[in-house]
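Chemist: Dropping the structure in here first, questions after.
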Amino acid sequence: MSLSIDVKYNEKKENWEVDLVGDLDINSSVTLKDRLNEILDQREADIAFKIRDLAYIDSTGLGVMISLLNRLDKNEKAMVIMDPQENVLKIFKITGLDKVIKISKEGESIEG
Amino acid sequence: MKDKITMTIPNAAEYVAIARLTATVIANTQGFDIEEIEDIKVAIGEACNNAVMHGKNSSNITLDFHLDEGRFLVEITDEGDGFKFEEYSEPVLEAYEGRGLGLFIIKTLMDDMIVESGMGNGTRITLIKNKE
């Protein structure tokens with residue numbers, strides 16, 4: 001499955017909402033990275049990833065998240081990952097990224 | 001001799017998903033449970049990623065699935081330049097630059113990983129997962 005990226009700016013929350021559906025892997029990670037840099041160039045703001053329908057993530061996808069986190073940190077902005085499936089959450093946990101990236105499920109924060 | 005399934009894909013990012021999905025079908029046929037199948041899928045994906053990153057254009061990646069009883073065993077061979085596995089170090093997240101995380105994930109998810117890589121001779125990664 002390929003990756004579908006849906007981006008919109010939430011004026012009320014003043015953040016970017018990024019919906020990811022499909023597979024975030026070596027074939028789609030560069031596209032996502034470019035898209036994220038594009039929207040942040042347009043407006044530096046917090047980012048909320050809605051990934052309920054993200055079926056798969058690999059190390060290249062994690063790499064995008066880490067470099068994004070570095071950019072957001074520099075600009076004192078934040079990111080959150082919302083509603084990951086169990087298999088996707090497992091990849092964040094085994095790599096320890098759940099300790100540095102905020103992950104929430106159905107509005108609840110998941111402690112790493 | 002045990003049966004073996006061999007598949008060859010072009011060494012390019014867009015074909016990695018096909019290798020991953022094939023691995024899940026084979027692991028399912030061998031009777032692994034859903035979580036184990038997911039682990040195998042991720043590990044095969046990461047090994048193929050490694051081949052794509054180190055491989056040459058217009059070469060291939062070969063996957064040999066050995067249908068042993070009680071374990072999943074695959075050899076993934078590329079025709080790339082190889083890399084110095086001795087120089088591999090586990091990633092430090094705070095200083096992460098995008099390298100090494102894939103092999104770290106494989107080591108965590110699989111029971112065994114053997115990397116044979118000679119500079120200029122391509123790389124073979126053997127992955128083994130035992131059935132619980």
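A note on labels: chains of the structure tokens are A, B, ... as shown, every chain counts residues from 1, and ligands are counted from 1 in their shown order.
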Counting only C-alpha atoms, which residues of chain A fall within 9 Å of chain B, and what is the closest atom pair for each with its distance in Å at one decimal, ordered by chain and rising number, as a tab-separated table?

Modeler:
```
residue	atom	partner	partner_atom	distance
A:Met1	CA	B:Ala17	CA	7.6
A:Ser2	CA	B:Ala17	CA	9.0
A:Asp23	CA	B:Ala17	CA	8.8
A:Asp25	CA	B:Ala17	CA	8.4
A:Ile26	CA	B:Ala13	CA	5.9
A:Asn27	CA	B:Ala13	CA	5.0
A:Ser28	CA	B:Ala13	CA	8.8
A:Tyr56	CA	B:Val42	CA	8.3
A:Ile57	CA	B:Val42	CA	8.3
A:Asp58	CA	B:Val42	CA	7.0
A:Ser59	CA	B:Gly102	CA	5.3
A:Thr60	CA	B:Gly98	CA	7.3
A:Leu62	CA	B:Gly98	CA	8.5
A:Gly63	CA	B:Gly98	CA	5.4
A:Val64	CA	B:Gly98	CA	8.5
A:Ile66	CA	B:Tyr96	CA	7.6
A:Ser67	CA	B:Glu97	CA	8.2
A:Asn87	CA	B:Glu38	CA	7.2
A:Ile91	CA	B:Ile105	CA	7.8
A:Ile94	CA	B:Thr108	CA	7.4
A:Thr95	CA	B:Ile105	CA	7.1
A:Gly96	CA	B:Leu93	CA	8.0
A:Leu97	CA	B:Leu93	CA	7.8
A:Val100	CA	B:Leu93	CA	9.0
```

Chemist: As an exercise, work out the distance from atom CA of A:Val88 to atom CA of A:Gly22 in Å and give it to one decimal place.

Modeler: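 A separation of 11.5 Å between them.
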
Chemist: Env of B:Phe72: 10 Å cut, atoms = only C-alpha atoms, seq-sep filter 4 positions within chain, self excluded. Answer as a PyMOL selection string.

Modeler: chain B and resi 23+26-27+30-32+37+40+65-68+110-111+127-131

Chemist: Enumerate, as a PyMOL selection string, the complete set of residues in chain B that a backbone-based DSSP assignment places in strand (DSSP E).

Modeler: chain B and resi 4-10+60-66+71-78+112-117+123-130

Chemist: Can I get the selection written as a short mmCIF file (atom, residue, chain, number, x, y, z; two decimals), in the first residue's frame, with N, CA, C and O atoms?

Modeler:
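The resulting file, out-v9.cif, is shown below:
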```cif
data_model
loop_
_atom_site.label_atom_id
_atom_site.label_comp_id
_atom_site.auth_asym_id
_atom_site.auth_seq_id
_atom_site.Cartn_x
_atom_site.Cartn_y
_atom_site.Cartn_z
N LYS B 4 12.51 -24.65 -0.58
CA LYS B 4 12.97 -23.27 -0.55
C LYS B 4 12.16 -22.46 -1.58
O LYS B 4 11.86 -22.97 -2.66
N ILE B 5 11.83 -21.26 -1.22
CA ILE B 5 11.17 -20.35 -2.17
C ILE B 5 12.12 -19.19 -2.43
O ILE B 5 12.59 -18.55 -1.49
N THR B 6 12.40 -18.92 -3.69
CA THR B 6 13.30 -17.83 -4.03
C THR B 6 12.54 -16.75 -4.80
O THR B 6 11.77 -17.06 -5.71
N MET B 7 12.75 -15.52 -4.41
CA MET B 7 12.16 -14.42 -5.18
C MET B 7 13.21 -13.36 -5.44
O MET B 7 14.10 -13.12 -4.61
N THR B 8 13.15 -12.78 -6.61
CA THR B 8 14.09 -11.73 -6.97
C THR B 8 13.31 -10.46 -7.30
O THR B 8 12.36 -10.51 -8.08
N ILE B 9 13.72 -9.36 -6.68
CA ILE B 9 13.06 -8.08 -6.99
C ILE B 9 14.14 -7.09 -7.46
O ILE B 9 15.29 -7.19 -7.06
N PRO B 10 13.74 -6.15 -8.31
CA PRO B 10 14.69 -5.10 -8.67
C PRO B 10 15.09 -4.31 -7.42
O PRO B 10 14.26 -4.13 -6.52
N ASN B 60 19.74 -6.47 -8.53
CA ASN B 60 18.59 -7.16 -7.92
C ASN B 60 18.83 -7.46 -6.46
O ASN B 60 19.96 -7.47 -5.98
N ILE B 61 17.72 -7.73 -5.77
CA ILE B 61 17.77 -8.27 -4.41
C ILE B 61 17.14 -9.66 -4.49
O ILE B 61 16.06 -9.83 -5.06
N THR B 62 17.86 -10.65 -3.95
CA THR B 62 17.33 -12.01 -3.96
C THR B 62 16.95 -12.43 -2.54
O THR B 62 17.74 -12.25 -1.60
N LEU B 63 15.75 -12.98 -2.40
CA LEU B 63 15.31 -13.48 -1.10
C LEU B 63 15.12 -14.99 -1.20
O LEU B 63 14.33 -15.46 -2.03
N ASP B 64 15.85 -15.73 -0.38
CA ASP B 64 15.70 -17.18 -0.31
C ASP B 64 15.01 -17.54 1.00
O ASP B 64 15.60 -17.42 2.08
N PHE B 65 13.77 -17.99 0.88
CA PHE B 65 13.01 -18.40 2.07
C PHE B 65 13.18 -19.90 2.25
O PHE B 65 12.75 -20.68 1.39
N HIS B 66 13.81 -20.31 3.35
CA HIS B 66 14.01 -21.74 3.62
C HIS B 66 12.87 -22.23 4.51
O HIS B 66 12.67 -21.71 5.60
N ARG B 71 10.92 -22.84 12.39
CA ARG B 71 11.57 -21.53 12.33
C ARG B 71 11.39 -20.90 10.95
O ARG B 71 11.17 -21.59 9.96
N PHE B 72 11.52 -19.57 10.95
CA PHE B 72 11.48 -18.80 9.72
C PHE B 72 12.92 -18.41 9.42
O PHE B 72 13.61 -17.86 10.26
N LEU B 73 13.40 -18.76 8.22
CA LEU B 73 14.78 -18.42 7.85
C LEU B 73 14.79 -17.84 6.44
O LEU B 73 14.31 -18.47 5.50
N VAL B 74 15.30 -16.64 6.33
CA VAL B 74 15.41 -16.02 5.00
C VAL B 74 16.81 -15.45 4.82
O VAL B 74 17.41 -14.92 5.76
N GLU B 75 17.35 -15.62 3.61
CA GLU B 75 18.62 -14.98 3.25
C GLU B 75 18.30 -13.89 2.23
O GLU B 75 17.64 -14.16 1.22
N ILE B 76 18.78 -12.70 2.50
CA ILE B 76 18.51 -11.57 1.61
C ILE B 76 19.85 -11.08 1.06
O ILE B 76 20.71 -10.63 1.82
N THR B 77 20.02 -11.20 -0.24
CA THR B 77 21.31 -10.92 -0.85
C THR B 77 21.19 -9.78 -1.85
O THR B 77 20.29 -9.78 -2.68
N ASP B 78 22.10 -8.82 -1.75
CA ASP B 78 22.10 -7.75 -2.76
C ASP B 78 23.40 -7.79 -3.55
O ASP B 78 24.32 -8.54 -3.22
N ASP B 112 17.82 -14.23 15.42
CA ASP B 112 19.20 -14.21 14.97
C ASP B 112 19.33 -13.40 13.69
O ASP B 112 18.42 -13.39 12.85
N MET B 113 20.44 -12.71 13.55
CA MET B 113 20.74 -11.97 12.32
C MET B 113 22.22 -12.15 12.02
O MET B 113 23.08 -11.89 12.86
N ILE B 114 22.51 -12.64 10.81
CA ILE B 114 23.91 -12.81 10.41
C ILE B 114 24.15 -11.92 9.20
O ILE B 114 23.43 -12.01 8.20
N VAL B 115 25.14 -11.05 9.28
CA VAL B 115 25.45 -10.15 8.17
C VAL B 115 26.79 -10.55 7.59
O VAL B 115 27.79 -10.59 8.30
N GLU B 116 26.80 -10.88 6.30
CA GLU B 116 28.06 -11.16 5.61
C GLU B 116 28.20 -10.10 4.54
O GLU B 116 27.37 -9.99 3.65
N SER B 117 29.24 -9.29 4.66
CA SER B 117 29.40 -8.20 3.71
C SER B 117 30.87 -7.99 3.40
O SER B 117 31.68 -7.80 4.29
N THR B 123 26.05 -7.79 -0.06
CA THR B 123 25.78 -8.13 1.33
C THR B 123 24.73 -9.23 1.39
O THR B 123 23.79 -9.24 0.60
N ARG B 124 24.93 -10.17 2.30
CA ARG B 124 23.89 -11.16 2.57
C ARG B 124 23.50 -11.05 4.03
O ARG B 124 24.34 -11.12 4.92
N ILE B 125 22.20 -10.85 4.26
CA ILE B 125 21.69 -10.81 5.63
C ILE B 125 20.81 -12.04 5.83
O ILE B 125 19.87 -12.27 5.06
N THR B 126 21.13 -12.83 6.82
CA THR B 126 20.31 -14.00 7.16
C THR B 126 19.51 -13.70 8.42
O THR B 126 20.08 -13.25 9.42
N LEU B 127 18.20 -13.89 8.33
CA LEU B 127 17.32 -13.61 9.46
C LEU B 127 16.65 -14.89 9.91
O LEU B 127 16.15 -15.66 9.07
N ILE B 128 16.60 -15.10 11.22
CA ILE B 128 15.96 -16.30 11.74
C ILE B 128 15.00 -15.92 12.87
O ILE B 128 15.35 -15.12 13.74
N LYS B 129 13.81 -16.47 12.78
CA LYS B 129 12.87 -16.34 13.91
C LYS B 129 12.34 -17.72 14.26
O LYS B 129 11.81 -18.42 13.38
N ASN B 130 12.50 -18.12 15.50
CA ASN B 130 12.00 -19.42 15.93
C ASN B 130 10.55 -19.32 16.34
O ASN B 130 10.11 -18.30 16.87
#
```

Chemist: What is the distance, in Å and to one decimal place, between atom CA of A:Leu3 and atom CA of B:Ser59?

Modeler: 25.5 Å

Chemist: My list of candidates is A:Leu32, A:Ala45, A:Leu24, A:Val18. Which is closest to A:Glu76 when distances are computed with only C-alpha atoms?

Modeler: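 Result for the nearest residue to A:Glu76: A:Ala45.
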
Chemist: Going by DSSP on the backbone, which bits of stretch 6-105 of chain B are helix (DSSP H, G or I)? Write them as a VMD selection string, please.

Modeler: chain B and resid 13 to 29 34 to 54 85 to 87 93 to 95 101 to 105

Chemist: Pull N, CA and C atoms from the residues just selected and write them as a compact mmCIF listing (two decimals), in the first residue's frame.

Modeler:
```txt
# COMPACT_ATOMS: atom_id res chain seq x y z
N ALA B 13 13.27 1.11 -4.18
CA ALA B 13 12.38 1.30 -3.03
C ALA B 13 10.96 0.83 -3.29
N GLU B 14 10.48 1.01 -4.52
CA GLU B 14 9.06 0.70 -4.77
C GLU B 14 8.74 -0.79 -4.75
N TYR B 15 9.76 -1.65 -4.73
CA TYR B 15 9.50 -3.09 -4.72
C TYR B 15 9.63 -3.72 -3.33
N VAL B 16 10.09 -2.93 -2.36
CA VAL B 16 10.31 -3.48 -1.01
C VAL B 16 9.00 -3.99 -0.41
N ALA B 17 7.91 -3.28 -0.67
CA ALA B 17 6.61 -3.69 -0.12
C ALA B 17 6.21 -5.08 -0.61
N ILE B 18 6.58 -5.41 -1.83
CA ILE B 18 6.24 -6.73 -2.39
C ILE B 18 6.98 -7.83 -1.64
N ALA B 19 8.26 -7.57 -1.32
CA ALA B 19 9.04 -8.54 -0.55
C ALA B 19 8.46 -8.72 0.85
N ARG B 20 8.10 -7.60 1.47
CA ARG B 20 7.49 -7.63 2.81
C ARG B 20 6.23 -8.47 2.84
N LEU B 21 5.36 -8.20 1.87
CA LEU B 21 4.07 -8.89 1.85
C LEU B 21 4.25 -10.38 1.56
N THR B 22 5.19 -10.71 0.69
CA THR B 22 5.48 -12.12 0.40
C THR B 22 5.94 -12.83 1.68
N ALA B 23 6.79 -12.15 2.45
CA ALA B 23 7.28 -12.73 3.70
C ALA B 23 6.13 -13.01 4.67
N THR B 24 5.13 -12.12 4.71
CA THR B 24 4.00 -12.35 5.63
C THR B 24 3.19 -13.57 5.20
N VAL B 25 3.04 -13.76 3.90
CA VAL B 25 2.29 -14.92 3.40
C VAL B 25 3.02 -16.21 3.78
N ILE B 26 4.34 -16.21 3.60
CA ILE B 26 5.13 -17.41 3.91
C ILE B 26 5.12 -17.69 5.42
N ALA B 27 5.30 -16.66 6.23
CA ALA B 27 5.28 -16.83 7.69
C ALA B 27 3.92 -17.33 8.16
N ASN B 28 2.86 -16.83 7.52
CA ASN B 28 1.51 -17.28 7.85
C ASN B 28 1.33 -18.76 7.52
N THR B 29 1.83 -19.16 6.36
CA THR B 29 1.76 -20.56 5.93
C THR B 29 2.50 -21.46 6.91
N ILE B 34 0.03 -13.74 14.68
CA ILE B 34 -0.06 -12.42 14.04
C ILE B 34 1.08 -11.49 14.44
N GLU B 35 1.43 -11.49 15.74
CA GLU B 35 2.49 -10.61 16.20
C GLU B 35 3.85 -11.01 15.61
N GLU B 36 4.09 -12.32 15.55
CA GLU B 36 5.35 -12.81 14.97
C GLU B 36 5.42 -12.47 13.48
N ILE B 37 4.29 -12.62 12.81
CA ILE B 37 4.25 -12.30 11.37
C ILE B 37 4.57 -10.82 11.15
N GLU B 38 4.02 -9.98 12.03
CA GLU B 38 4.27 -8.54 11.92
C GLU B 38 5.76 -8.23 12.14
N ASP B 39 6.38 -8.93 13.13
CA ASP B 39 7.82 -8.76 13.39
C ASP B 39 8.64 -9.15 12.16
N ILE B 40 8.26 -10.28 11.56
CA ILE B 40 8.98 -10.79 10.38
C ILE B 40 8.85 -9.79 9.23
N LYS B 41 7.64 -9.27 9.07
CA LYS B 41 7.38 -8.29 7.99
C LYS B 41 8.28 -7.07 8.14
N VAL B 42 8.36 -6.55 9.36
CA VAL B 42 9.19 -5.35 9.60
C VAL B 42 10.66 -5.67 9.36
N ALA B 43 11.12 -6.83 9.86
CA ALA B 43 12.53 -7.19 9.73
C ALA B 43 12.93 -7.37 8.26
N ILE B 44 12.08 -8.04 7.49
CA ILE B 44 12.38 -8.23 6.06
C ILE B 44 12.39 -6.87 5.36
N GLY B 45 11.46 -6.00 5.74
CA GLY B 45 11.42 -4.66 5.17
C GLY B 45 12.72 -3.90 5.43
N GLU B 46 13.20 -4.00 6.68
CA GLU B 46 14.44 -3.28 7.04
C GLU B 46 15.65 -3.86 6.31
N ALA B 47 15.69 -5.19 6.18
CA ALA B 47 16.82 -5.80 5.47
C ALA B 47 16.82 -5.37 3.99
N CYS B 48 15.63 -5.30 3.41
CA CYS B 48 15.53 -4.85 2.00
C CYS B 48 15.88 -3.36 1.89
N ASN B 49 15.46 -2.56 2.89
CA ASN B 49 15.84 -1.15 2.91
C ASN B 49 17.36 -1.01 2.86
N ASN B 50 18.01 -1.84 3.67
CA ASN B 50 19.47 -1.82 3.73
C ASN B 50 20.06 -2.14 2.35
N ALA B 51 19.48 -3.12 1.68
CA ALA B 51 19.95 -3.49 0.34
C ALA B 51 19.75 -2.34 -0.65
N VAL B 52 18.60 -1.67 -0.54
CA VAL B 52 18.32 -0.55 -1.46
C VAL B 52 19.30 0.60 -1.22
N MET B 53 19.60 0.85 0.08
CA MET B 53 20.49 1.97 0.40
C MET B 53 21.94 1.70 -0.02
N HIS B 54 22.34 0.42 0.04
CA HIS B 54 23.72 0.10 -0.30
C HIS B 54 23.86 -0.49 -1.70
N PHE B 85 30.32 -3.94 8.24
CA PHE B 85 29.45 -4.24 9.38
C PHE B 85 30.19 -4.04 10.70
N GLU B 86 31.53 -4.26 10.68
CA GLU B 86 32.32 -4.06 11.91
C GLU B 86 32.22 -2.62 12.40
N GLU B 87 31.95 -1.73 11.45
CA GLU B 87 31.89 -0.31 11.82
C GLU B 87 30.50 0.12 12.26
N LEU B 93 19.96 7.93 19.81
CA LEU B 93 18.79 8.69 19.35
C LEU B 93 19.01 10.20 19.37
N GLU B 94 19.69 10.66 20.41
CA GLU B 94 19.87 12.11 20.55
C GLU B 94 20.69 12.69 19.40
N ALA B 95 21.54 11.84 18.82
CA ALA B 95 22.40 12.33 17.74
C ALA B 95 22.08 11.59 16.44
N LEU B 101 19.44 2.50 12.45
CA LEU B 101 18.20 2.18 13.15
C LEU B 101 17.55 0.91 12.60
N GLY B 102 17.65 0.69 11.30
CA GLY B 102 17.06 -0.49 10.67
C GLY B 102 17.63 -1.79 11.20
N LEU B 103 18.96 -1.86 11.31
CA LEU B 103 19.60 -3.08 11.82
C LEU B 103 19.28 -3.28 13.30
N PHE B 104 19.17 -2.18 14.02
CA PHE B 104 18.79 -2.26 15.43
C PHE B 104 17.38 -2.85 15.57
N ILE B 105 16.47 -2.44 14.71
CA ILE B 105 15.10 -2.96 14.73
C ILE B 105 15.10 -4.46 14.41
```

Chemist: Tell me which of A:Lys33, A:Lys102, A:Arg43, A:Lys77 sits closest to A:Gly61, counting only C-alpha atoms.

Modeler: A:Lys33

Chemist: Figure out the distance between atom CA of A:Met65 and atom CA of A:Asp34, please, to one decimal in Å.

Modeler: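 Result for atom CA of A:Asp34 versus atom CA of A:Met65: 12.1 Å, one decimal.
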